[in-house]
Structure formats: C-alpha cells, structure tokens
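Text of query_0.cif, listed as mmCIF, N, CA, C and O atoms:
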```
data_protein
#
loop_
_atom_site.group_PDB
_atom_site.id
_atom_site.type_symbol
_atom_site.label_atom_id
_atom_site.label_comp_id
_atom_site.auth_asym_id
_atom_site.auth_seq_id
_atom_site.Cartn_x
_atom_site.Cartn_y
_atom_site.Cartn_z
ATOM 1 N N MET G 23 -21.784 -114.939 97.199
ATOM 2 C CA MET G 23 -21.347 -114.819 98.569
ATOM 3 C C MET G 23 -20.519 -113.535 98.685
ATOM 4 O O MET G 23 -19.632 -113.300 97.885
ATOM 5 N N GLU G 24 -20.840 -112.733 99.664
ATOM 6 C CA GLU G 24 -20.084 -111.503 99.862
ATOM 7 C C GLU G 24 -18.670 -111.835 100.316
ATOM 8 O O GLU G 24 -18.430 -112.859 100.951
ATOM 9 N N SER G 25 -17.732 -110.958 99.998
ATOM 10 C CA SER G 25 -16.333 -111.224 100.316
ATOM 11 C C SER G 25 -16.107 -111.410 101.816
ATOM 12 O O SER G 25 -15.301 -112.242 102.228
ATOM 13 N N ARG G 26 -16.830 -110.669 102.647
ATOM 14 C CA ARG G 26 -16.685 -110.812 104.099
ATOM 15 C C ARG G 26 -17.158 -112.198 104.552
ATOM 16 O O ARG G 26 -16.530 -112.826 105.404
ATOM 17 N N ASN G 27 -18.248 -112.669 103.979
ATOM 18 C CA ASN G 27 -18.752 -114.005 104.324
ATOM 19 C C ASN G 27 -17.788 -115.092 103.859
ATOM 20 O O ASN G 27 -17.587 -116.087 104.557
ATOM 21 N N LEU G 28 -17.210 -114.898 102.687
ATOM 22 C CA LEU G 28 -16.247 -115.866 102.171
ATOM 23 C C LEU G 28 -15.022 -115.924 103.076
ATOM 24 O O LEU G 28 -14.557 -117.008 103.432
ATOM 25 N N LEU G 29 -14.518 -114.773 103.484
ATOM 26 C CA LEU G 29 -13.359 -114.742 104.373
ATOM 27 C C LEU G 29 -13.677 -115.396 105.716
ATOM 28 O O LEU G 29 -12.847 -116.114 106.272
ATOM 29 N N ALA G 30 -14.875 -115.191 106.219
ATOM 30 C CA ALA G 30 -15.276 -115.828 107.479
ATOM 31 C C ALA G 30 -15.317 -117.349 107.330
ATOM 32 O O ALA G 30 -14.853 -118.076 108.214
ATOM 33 N N GLU G 31 -15.851 -117.831 106.215
ATOM 34 C CA GLU G 31 -15.894 -119.277 105.986
ATOM 35 C C GLU G 31 -14.489 -119.858 105.850
ATOM 36 O O GLU G 31 -14.206 -120.932 106.376
ATOM 37 N N ILE G 32 -13.617 -119.153 105.158
ATOM 38 C CA ILE G 32 -12.225 -119.600 105.022
ATOM 39 C C ILE G 32 -11.571 -119.644 106.401
ATOM 40 O O ILE G 32 -10.860 -120.598 106.728
ATOM 41 N N SER G 33 -11.829 -118.639 107.210
ATOM 42 C CA SER G 33 -11.263 -118.592 108.564
ATOM 43 C C SER G 33 -11.755 -119.758 109.401
ATOM 44 O O SER G 33 -10.972 -120.394 110.121
ATOM 45 N N ARG G 34 -13.045 -120.053 109.327
ATOM 46 C CA ARG G 34 -13.598 -121.188 110.080
ATOM 47 C C ARG G 34 -12.952 -122.505 109.630
ATOM 48 O O ARG G 34 -12.613 -123.350 110.457
ATOM 49 N N GLN G 35 -12.784 -122.666 108.330
ATOM 50 C CA GLN G 35 -12.171 -123.887 107.812
ATOM 51 C C GLN G 35 -10.719 -124.009 108.252
ATOM 52 O O GLN G 35 -10.250 -125.092 108.587
ATOM 53 N N PHE G 36 -10.002 -122.885 108.242
ATOM 54 C CA PHE G 36 -8.595 -122.887 108.655
ATOM 55 C C PHE G 36 -8.476 -123.295 110.119
ATOM 56 O O PHE G 36 -7.647 -124.137 110.472
ATOM 57 N N LEU G 37 -9.310 -122.714 110.973
ATOM 58 C CA LEU G 37 -9.272 -123.066 112.390
ATOM 59 C C LEU G 37 -9.653 -124.531 112.598
ATOM 60 O O LEU G 37 -9.025 -125.232 113.399
ATOM 61 N N LYS G 38 -10.650 -124.995 111.870
ATOM 62 C CA LYS G 38 -11.071 -126.397 111.983
ATOM 63 C C LYS G 38 -9.948 -127.335 111.557
ATOM 64 O O LYS G 38 -9.708 -128.361 112.200
ATOM 65 N N GLU G 39 -9.263 -126.979 110.480
ATOM 66 C CA GLU G 39 -8.153 -127.807 110.003
ATOM 67 C C GLU G 39 -7.046 -127.920 111.056
ATOM 68 O O GLU G 39 -6.367 -128.935 111.139
ATOM 69 N N HIS G 40 -6.885 -126.887 111.848
ATOM 70 C CA HIS G 40 -5.870 -126.888 112.903
ATOM 71 C C HIS G 40 -6.438 -127.335 114.251
ATOM 72 O O HIS G 40 -5.804 -127.155 115.283
ATOM 73 N N LYS G 41 -7.648 -127.884 114.213
ATOM 74 C CA LYS G 41 -8.319 -128.426 115.395
ATOM 75 C C LYS G 41 -8.484 -127.383 116.494
ATOM 76 O O LYS G 41 -8.323 -127.675 117.683
ATOM 77 N N VAL G 42 -8.805 -126.164 116.081
ATOM 78 C CA VAL G 42 -9.080 -125.081 117.026
ATOM 79 C C VAL G 42 -10.597 -124.926 117.079
ATOM 80 O O VAL G 42 -11.208 -124.434 116.141
ATOM 81 N N TYR G 43 -11.185 -125.380 118.163
ATOM 82 C CA TYR G 43 -12.636 -125.304 118.317
ATOM 83 C C TYR G 43 -13.030 -124.223 119.319
ATOM 84 O O TYR G 43 -14.161 -123.780 119.337
ATOM 85 N N LYS G 44 -12.065 -123.820 120.147
ATOM 86 C CA LYS G 44 -12.246 -122.726 121.090
ATOM 87 C C LYS G 44 -11.002 -121.854 121.016
ATOM 88 O O LYS G 44 -9.888 -122.364 120.924
ATOM 89 N N TYR G 45 -11.221 -120.558 121.047
ATOM 90 C CA TYR G 45 -10.082 -119.652 121.040
ATOM 91 C C TYR G 45 -10.411 -118.487 121.955
ATOM 92 O O TYR G 45 -11.449 -117.840 121.796
ATOM 93 N N ARG G 46 -9.549 -118.258 122.907
ATOM 94 C CA ARG G 46 -9.744 -117.201 123.908
ATOM 95 C C ARG G 46 -11.113 -117.300 124.565
ATOM 96 O O ARG G 46 -11.874 -116.331 124.623
ATOM 97 N N MET G 47 -11.418 -118.498 125.005
ATOM 98 C CA MET G 47 -12.635 -118.785 125.762
ATOM 99 C C MET G 47 -13.928 -118.670 124.948
ATOM 100 O O MET G 47 -15.015 -118.634 125.503
ATOM 101 N N LYS G 48 -13.837 -118.608 123.633
ATOM 102 C CA LYS G 48 -15.036 -118.554 122.799
ATOM 103 C C LYS G 48 -15.045 -119.745 121.862
ATOM 104 O O LYS G 48 -14.019 -120.116 121.298
ATOM 105 N N LYS G 49 -16.226 -120.321 121.674
ATOM 106 C CA LYS G 49 -16.368 -121.422 120.722
ATOM 107 C C LYS G 49 -16.398 -120.837 119.311
ATOM 108 O O LYS G 49 -17.138 -119.896 119.035
ATOM 109 N N VAL G 50 -15.622 -121.428 118.430
ATOM 110 C CA VAL G 50 -15.588 -120.969 117.046
ATOM 111 C C VAL G 50 -16.969 -121.067 116.414
ATOM 112 O O VAL G 50 -17.390 -120.167 115.681
ATOM 113 N N SER G 51 -17.701 -122.105 116.739
ATOM 114 C CA SER G 51 -19.035 -122.305 116.157
ATOM 115 C C SER G 51 -20.031 -121.223 116.564
ATOM 116 O O SER G 51 -21.036 -121.024 115.882
ATOM 117 N N GLU G 52 -19.758 -120.515 117.648
ATOM 118 C CA GLU G 52 -20.666 -119.480 118.131
ATOM 119 C C GLU G 52 -20.201 -118.056 117.798
ATOM 120 O O GLU G 52 -20.865 -117.092 118.161
ATOM 121 N N MET G 53 -19.071 -117.947 117.130
ATOM 122 C CA MET G 53 -18.525 -116.625 116.805
ATOM 123 C C MET G 53 -19.243 -115.999 115.612
ATOM 124 O O MET G 53 -19.647 -116.706 114.688
ATOM 125 N N SER G 54 -19.351 -114.685 115.644
ATOM 126 C CA SER G 54 -19.879 -113.960 114.488
ATOM 127 C C SER G 54 -18.814 -113.976 113.393
ATOM 128 O O SER G 54 -17.652 -114.321 113.640
ATOM 129 N N ASP G 55 -19.199 -113.583 112.197
ATOM 130 C CA ASP G 55 -18.234 -113.537 111.090
ATOM 131 C C ASP G 55 -17.056 -112.626 111.406
ATOM 132 O O ASP G 55 -15.906 -112.992 111.184
ATOM 133 N N ASP G 56 -17.342 -111.448 111.947
ATOM 134 C CA ASP G 56 -16.263 -110.513 112.275
ATOM 135 C C ASP G 56 -15.328 -111.077 113.338
ATOM 136 O O ASP G 56 -14.107 -110.935 113.237
ATOM 137 N N ASP G 57 -15.904 -111.736 114.352
ATOM 138 C CA ASP G 57 -15.072 -112.321 115.412
ATOM 139 C C ASP G 57 -14.185 -113.431 114.880
ATOM 140 O O ASP G 57 -13.007 -113.505 115.209
ATOM 141 N N VAL G 58 -14.745 -114.318 114.067
ATOM 142 C CA VAL G 58 -13.953 -115.448 113.579
ATOM 143 C C VAL G 58 -12.815 -114.962 112.675
ATOM 144 O O VAL G 58 -11.717 -115.505 112.713
ATOM 145 N N ILE G 59 -13.040 -113.921 111.904
ATOM 146 C CA ILE G 59 -11.977 -113.354 111.067
ATOM 147 C C ILE G 59 -10.873 -112.790 111.955
ATOM 148 O O ILE G 59 -9.687 -113.049 111.727
ATOM 149 N N MET G 60 -11.255 -112.043 112.981
ATOM 150 C CA MET G 60 -10.286 -111.434 113.884
ATOM 151 C C MET G 60 -9.510 -112.494 114.663
ATOM 152 O O MET G 60 -8.282 -112.441 114.735
ATOM 153 N N TYR G 61 -10.209 -113.489 115.224
ATOM 154 C CA TYR G 61 -9.542 -114.514 116.007
ATOM 155 C C TYR G 61 -8.652 -115.401 115.142
ATOM 156 O O TYR G 61 -7.587 -115.831 115.581
ATOM 157 N N CYS G 62 -9.074 -115.674 113.944
ATOM 158 C CA CYS G 62 -8.234 -116.457 113.036
ATOM 159 C C CYS G 62 -6.945 -115.695 112.733
ATOM 160 O O CYS G 62 -5.858 -116.265 112.733
ATOM 161 N N HIS G 63 -7.077 -114.405 112.511
ATOM 162 C CA HIS G 63 -5.896 -113.568 112.267
ATOM 163 C C HIS G 63 -4.944 -113.647 113.462
ATOM 164 O O HIS G 63 -3.737 -113.858 113.290
ATOM 165 N N TRP G 64 -5.480 -113.488 114.644
ATOM 166 C CA TRP G 64 -4.635 -113.568 115.836
ATOM 167 C C TRP G 64 -3.986 -114.938 115.956
ATOM 168 O O TRP G 64 -2.813 -115.055 116.298
ATOM 169 N N TYR G 65 -4.753 -115.990 115.668
ATOM 170 C CA TYR G 65 -4.238 -117.350 115.788
ATOM 171 C C TYR G 65 -3.058 -117.585 114.849
ATOM 172 O O TYR G 65 -2.011 -118.058 115.272
ATOM 173 N N TYR G 66 -3.232 -117.253 113.573
ATOM 174 C CA TYR G 66 -2.128 -117.549 112.658
ATOM 175 C C TYR G 66 -0.943 -116.628 112.882
ATOM 176 O O TYR G 66 0.206 -117.018 112.659
ATOM 177 N N GLU G 67 -1.150 -115.418 113.363
ATOM 178 C CA GLU G 67 -0.039 -114.529 113.695
ATOM 179 C C GLU G 67 0.730 -115.058 114.908
ATOM 180 O O GLU G 67 1.962 -115.116 114.893
ATOM 181 N N GLU G 68 0.006 -115.420 115.966
ATOM 182 C CA GLU G 68 0.644 -115.897 117.195
ATOM 183 C C GLU G 68 1.416 -117.192 116.980
ATOM 184 O O GLU G 68 2.426 -117.431 117.633
ATOM 185 N N ASN G 69 0.935 -118.021 116.078
ATOM 186 C CA ASN G 69 1.565 -119.319 115.828
ATOM 187 C C ASN G 69 2.478 -119.321 114.611
ATOM 188 O O ASN G 69 2.915 -120.386 114.172
ATOM 189 N N ARG G 70 2.723 -118.154 114.072
ATOM 190 C CA ARG G 70 3.610 -117.986 112.912
ATOM 191 C C ARG G 70 3.190 -118.882 111.731
ATOM 192 O O ARG G 70 4.007 -119.575 111.119
ATOM 193 N N LEU G 71 1.907 -118.838 111.440
ATOM 194 C CA LEU G 71 1.352 -119.632 110.347
ATOM 195 C C LEU G 71 0.950 -118.751 109.156
ATOM 196 O O LEU G 71 0.072 -119.119 108.380
ATOM 197 N N ASN G 72 1.590 -117.622 109.030
ATOM 198 C CA ASN G 72 1.215 -116.657 107.990
ATOM 199 C C ASN G 72 1.271 -117.255 106.593
ATOM 200 O O ASN G 72 0.319 -117.111 105.818
ATOM 201 N N ASP G 73 2.380 -117.892 106.258
ATOM 202 C CA ASP G 73 2.517 -118.475 104.916
ATOM 203 C C ASP G 73 1.470 -119.551 104.679
ATOM 204 O O ASP G 73 0.876 -119.622 103.599
ATOM 205 N N GLU G 74 1.238 -120.367 105.688
ATOM 206 C CA GLU G 74 0.237 -121.427 105.558
ATOM 207 C C GLU G 74 -1.165 -120.827 105.376
ATOM 208 O O GLU G 74 -1.959 -121.304 104.572
ATOM 209 N N TRP G 75 -1.467 -119.762 106.119
ATOM 210 C CA TRP G 75 -2.760 -119.085 106.003
ATOM 211 C C TRP G 75 -2.970 -118.557 104.591
ATOM 212 O O TRP G 75 -4.008 -118.772 103.981
ATOM 213 N N TRP G 76 -1.971 -117.847 104.063
ATOM 214 C CA TRP G 76 -2.145 -117.229 102.743
ATOM 215 C C TRP G 76 -2.270 -118.282 101.643
ATOM 216 O O TRP G 76 -3.050 -118.121 100.708
ATOM 217 N N THR G 77 -1.544 -119.373 101.764
ATOM 218 C CA THR G 77 -1.678 -120.463 100.803
ATOM 219 C C THR G 77 -3.063 -121.087 100.899
ATOM 220 O O THR G 77 -3.724 -121.320 99.876
ATOM 221 N N PHE G 78 -3.519 -121.346 102.106
ATOM 222 C CA PHE G 78 -4.847 -121.914 102.343
ATOM 223 C C PHE G 78 -5.922 -121.000 101.764
ATOM 224 O O PHE G 78 -6.819 -121.448 101.049
ATOM 225 N N ARG G 79 -5.813 -119.713 102.059
ATOM 226 C CA ARG G 79 -6.804 -118.738 101.588
ATOM 227 C C ARG G 79 -6.823 -118.652 100.061
ATOM 228 O O ARG G 79 -7.878 -118.659 99.436
ATOM 229 N N GLU G 80 -5.659 -118.585 99.447
ATOM 230 C CA GLU G 80 -5.579 -118.492 97.985
ATOM 231 C C GLU G 80 -6.151 -119.734 97.315
ATOM 232 O O GLU G 80 -6.816 -119.624 96.279
ATOM 233 N N ASN G 81 -5.910 -120.907 97.898
ATOM 234 C CA ASN G 81 -6.452 -122.143 97.323
ATOM 235 C C ASN G 81 -7.973 -122.134 97.310
ATOM 236 O O ASN G 81 -8.599 -122.549 96.337
ATOM 237 N N ILE G 82 -8.569 -121.676 98.377
ATOM 238 C CA ILE G 82 -10.035 -121.650 98.438
ATOM 239 C C ILE G 82 -10.591 -120.538 97.561
ATOM 240 O O ILE G 82 -11.561 -120.741 96.823
ATOM 241 N N GLU G 83 -9.984 -119.358 97.612
ATOM 242 C CA GLU G 83 -10.480 -118.244 96.798
ATOM 243 C C GLU G 83 -10.362 -118.516 95.308
ATOM 244 O O GLU G 83 -11.140 -117.989 94.524
ATOM 245 N N SER G 84 -9.414 -119.359 94.910
ATOM 246 C CA SER G 84 -9.242 -119.665 93.490
ATOM 247 C C SER G 84 -10.437 -120.440 92.924
ATOM 248 O O SER G 84 -10.638 -120.473 91.713
ATOM 249 N N LYS G 85 -11.238 -121.038 93.797
ATOM 250 C CA LYS G 85 -12.422 -121.779 93.361
ATOM 251 C C LYS G 85 -13.610 -120.859 93.100
ATOM 252 O O LYS G 85 -14.626 -121.283 92.589
ATOM 253 N N TYR G 86 -13.467 -119.600 93.481
ATOM 254 C CA TYR G 86 -14.541 -118.626 93.322
ATOM 255 C C TYR G 86 -14.127 -117.547 92.337
ATOM 256 O O TYR G 86 -12.949 -117.329 92.109
ATOM 257 N N LYS G 87 -15.111 -116.898 91.793
ATOM 258 C CA LYS G 87 -14.863 -115.803 90.853
ATOM 259 C C LYS G 87 -15.655 -114.596 91.348
ATOM 260 O O LYS G 87 -16.824 -114.725 91.713
ATOM 261 N N PHE G 88 -15.014 -113.424 91.368
ATOM 262 C CA PHE G 88 -15.743 -112.231 91.777
ATOM 263 C C PHE G 88 -16.586 -111.758 90.606
ATOM 264 O O PHE G 88 -16.098 -111.535 89.509
ATOM 265 N N CYS G 89 -17.872 -111.621 90.848
ATOM 266 C CA CYS G 89 -18.806 -111.226 89.808
ATOM 267 C C CYS G 89 -19.197 -109.762 90.015
ATOM 268 O O CYS G 89 -19.826 -109.418 91.024
ATOM 269 N N GLN G 90 -18.832 -108.916 89.081
ATOM 270 C CA GLN G 90 -19.153 -107.491 89.177
ATOM 271 C C GLN G 90 -20.664 -107.272 89.138
ATOM 272 O O GLN G 90 -21.182 -106.370 89.784
ATOM 273 N N TYR G 91 -21.358 -108.084 88.387
ATOM 274 C CA TYR G 91 -22.800 -107.933 88.229
ATOM 275 C C TYR G 91 -23.519 -108.062 89.571
ATOM 276 O O TYR G 91 -24.408 -107.294 89.894
ATOM 277 N N TYR G 92 -23.119 -109.061 90.352
ATOM 278 C CA TYR G 92 -23.736 -109.281 91.660
ATOM 279 C C TYR G 92 -22.982 -108.590 92.796
ATOM 280 O O TYR G 92 -23.452 -108.544 93.920
ATOM 281 N N SER G 93 -21.781 -108.133 92.512
ATOM 282 C CA SER G 93 -20.887 -107.543 93.526
ATOM 283 C C SER G 93 -20.597 -108.530 94.662
ATOM 284 O O SER G 93 -20.575 -108.169 95.833
ATOM 285 N N GLU G 94 -20.401 -109.776 94.289
ATOM 286 C CA GLU G 94 -20.051 -110.794 95.269
ATOM 287 C C GLU G 94 -19.365 -111.960 94.569
ATOM 288 O O GLU G 94 -19.286 -112.005 93.346
ATOM 289 N N TYR G 95 -18.873 -112.903 95.365
ATOM 290 C CA TYR G 95 -18.193 -114.074 94.827
ATOM 291 C C TYR G 95 -19.206 -115.146 94.458
ATOM 292 O O TYR G 95 -20.176 -115.370 95.179
ATOM 293 N N VAL G 96 -18.962 -115.805 93.332
ATOM 294 C CA VAL G 96 -19.785 -116.928 92.900
ATOM 295 C C VAL G 96 -18.870 -118.133 92.704
ATOM 296 O O VAL G 96 -17.701 -117.986 92.376
ATOM 297 N N ASP G 97 -19.414 -119.317 92.901
ATOM 298 C CA ASP G 97 -18.583 -120.515 92.810
ATOM 299 C C ASP G 97 -18.699 -121.237 91.475
ATOM 300 O O ASP G 97 -18.230 -122.337 91.330
ATOM 301 N N ASP G 98 -19.327 -120.617 90.522
ATOM 302 C CA ASP G 98 -19.390 -121.216 89.192
ATOM 303 C C ASP G 98 -19.373 -120.107 88.156
ATOM 304 O O ASP G 98 -19.119 -118.954 88.454
ATOM 305 N N GLU G 99 -19.653 -120.439 86.953
ATOM 306 C CA GLU G 99 -19.607 -119.468 85.854
ATOM 307 C C GLU G 99 -20.950 -118.807 85.602
ATOM 308 O O GLU G 99 -21.222 -118.360 84.496
ATOM 309 N N SER G 100 -21.796 -118.710 86.600
ATOM 310 C CA SER G 100 -23.141 -118.179 86.416
ATOM 311 C C SER G 100 -23.217 -116.661 86.536
ATOM 312 O O SER G 100 -24.273 -116.121 86.760
ATOM 313 N N CYS G 101 -22.122 -115.989 86.387
ATOM 314 C CA CYS G 101 -22.096 -114.536 86.521
ATOM 315 C C CYS G 101 -22.601 -113.907 85.218
ATOM 316 O O CYS G 101 -22.056 -114.134 84.145
ATOM 317 N N GLU G 102 -23.653 -113.139 85.324
ATOM 318 C CA GLU G 102 -24.199 -112.441 84.157
ATOM 319 C C GLU G 102 -23.548 -111.068 84.085
ATOM 320 O O GLU G 102 -23.493 -110.340 85.061
ATOM 321 N N GLU G 103 -23.067 -110.740 82.931
ATOM 322 C CA GLU G 103 -22.411 -109.433 82.793
ATOM 323 C C GLU G 103 -23.067 -108.626 81.716
ATOM 324 O O GLU G 103 -23.740 -109.025 80.893
#
```

Can you dump the structure from the file as structure tokens?
Amino acid sequence: MESRNLLAEISRQFLKEHKVYKYRMKKVSEMSDDDVIMYCHWYYEENRLNDEWWTFRENIESKYKFCQYYSEYVDDESCEE
C-alpha cells in the first residue's frame, strides 16, 4: 500500500471513530484520498485533537512495515529485499 493510500485510510478510520460522516458539506465516503487527508487534518486541528490523531496514526502505522523493495507499506513480513 502506498504511503498516501495508507494515510487516507487512517484518516477515514479516525473520522469514523469520531462519528464524522460529513465534513464541510461533503460525505467522507465520497471524498478522494487527497480530500479526506486534508479534511481530517482540518478536523483534528479545529477540535484540538492533535495528540489523539498522532497516537491513532502511530498505532495503525506500527502494524505496517515500509518495504524498500516495493516502495510501499506492507502489512506482513512478505517484503523481499
């Protein structure tokens, strides 16, 4: 999974956990990856959830490993080097 896609998925999960299904008149389910990353950033900044965001993000990212061979994140030890 590319890092941008992983960040978008983390952002979607964070918004879902906070029961945010619409933000600034847009449905989260219909947002592009770039939009959901941007709106999630605005959401946690506006609501002063920075520490919670970074903890949430680190917990999810810790389950993945960046694989240089594929130049993307993998969720298991299948990275060939």

Give me the residues within 8 Å of segment 53-65 of chain G as a VMD selection string, counting all atoms listed in the file and dropping any in the same chain fewer than 5 places off.
chain G and resid 26 to 27 29 to 34 36 to 37 43 45 to 46 48 70 to 72 75

Pull the strand (DSSP E) assignments for chain G out of DSSP run on the backbone, and list those residues as a VMD selection string.
chain G and resid 44 to 45 48 to 49 87 to 89 94 to 96

Any chance you can output those residues with N, CA, C and O atoms as a PDB file, in the coordinates of the input?
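This is the output file selection_24.pdb:
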```
ATOM      1  N   LYS G  44     -12.065-123.820 120.147  1.00  0.00           N
ATOM      2  CA  LYS G  44     -12.246-122.726 121.090  1.00  0.00           C
ATOM      3  C   LYS G  44     -11.002-121.854 121.016  1.00  0.00           C
ATOM      4  O   LYS G  44      -9.888-122.364 120.924  1.00  0.00           O
ATOM      5  N   TYR G  45     -11.221-120.558 121.047  1.00  0.00           N
ATOM      6  CA  TYR G  45     -10.082-119.652 121.040  1.00  0.00           C
ATOM      7  C   TYR G  45     -10.411-118.487 121.955  1.00  0.00           C
ATOM      8  O   TYR G  45     -11.449-117.840 121.796  1.00  0.00           O
ATOM      9  N   LYS G  48     -13.837-118.608 123.633  1.00  0.00           N
ATOM     10  CA  LYS G  48     -15.036-118.554 122.799  1.00  0.00           C
ATOM     11  C   LYS G  48     -15.045-119.745 121.862  1.00  0.00           C
ATOM     12  O   LYS G  48     -14.019-120.116 121.298  1.00  0.00           O
ATOM     13  N   LYS G  49     -16.226-120.321 121.674  1.00  0.00           N
ATOM     14  CA  LYS G  49     -16.368-121.422 120.722  1.00  0.00           C
ATOM     15  C   LYS G  49     -16.398-120.837 119.311  1.00  0.00           C
ATOM     16  O   LYS G  49     -17.138-119.896 119.035  1.00  0.00           O
ATOM     17  N   LYS G  87     -15.111-116.898  91.793  1.00  0.00           N
ATOM     18  CA  LYS G  87     -14.863-115.803  90.853  1.00  0.00           C
ATOM     19  C   LYS G  87     -15.655-114.596  91.348  1.00  0.00           C
ATOM     20  O   LYS G  87     -16.824-114.725  91.713  1.00  0.00           O
ATOM     21  N   PHE G  88     -15.014-113.424  91.368  1.00  0.00           N
ATOM     22  CA  PHE G  88     -15.743-112.231  91.777  1.00  0.00           C
ATOM     23  C   PHE G  88     -16.586-111.758  90.606  1.00  0.00           C
ATOM     24  O   PHE G  88     -16.098-111.535  89.509  1.00  0.00           O
ATOM     25  N   CYS G  89     -17.872-111.621  90.848  1.00  0.00           N
ATOM     26  CA  CYS G  89     -18.806-111.226  89.808  1.00  0.00           C
ATOM     27  C   CYS G  89     -19.197-109.762  90.015  1.00  0.00           C
ATOM     28  O   CYS G  89     -19.826-109.418  91.024  1.00  0.00           O
ATOM     29  N   GLU G  94     -20.401-109.776  94.289  1.00  0.00           N
ATOM     30  CA  GLU G  94     -20.051-110.794  95.269  1.00  0.00           C
ATOM     31  C   GLU G  94     -19.365-111.960  94.569  1.00  0.00           C
ATOM     32  O   GLU G  94     -19.286-112.005  93.346  1.00  0.00           O
ATOM     33  N   TYR G  95     -18.873-112.903  95.365  1.00  0.00           N
ATOM     34  CA  TYR G  95     -18.193-114.074  94.827  1.00  0.00           C
ATOM     35  C   TYR G  95     -19.206-115.146  94.458  1.00  0.00           C
ATOM     36  O   TYR G  95     -20.176-115.370  95.179  1.00  0.00           O
ATOM     37  N   VAL G  96     -18.962-115.805  93.332  1.00  0.00           N
ATOM     38  CA  VAL G  96     -19.785-116.928  92.900  1.00  0.00           C
ATOM     39  C   VAL G  96     -18.870-118.133  92.704  1.00  0.00           C
ATOM     40  O   VAL G  96     -17.701-117.986  92.376  1.00  0.00           O
TER      41      VAL G  96
END
```

When you draw a straight line from atom N of Ser93 of chain G to atom O of Arg79 of chain G, how long is it in Å?
18.8 Å

Could you check how far atom CA of Leu28 of chain G sits from atom CA of Tyr95 of chain G, in Å to one decimal?
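Atom CA of Tyr95 of chain G lies at a distance of 7.8 Å from atom CA of Leu28 of chain G.
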
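A straight line drawn from atom O of Val96 of chain G to atom O of Glu74 of chain G is 20.2 Å long.
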
Can you pull out every residue from segment 39-91 of chain G that DSSP, working from the backbone, puts in helix (DSSP H, G or I), and format the result as an NGL selection string?
:G and (39 or 50-52 or 55-68 or 72-83)
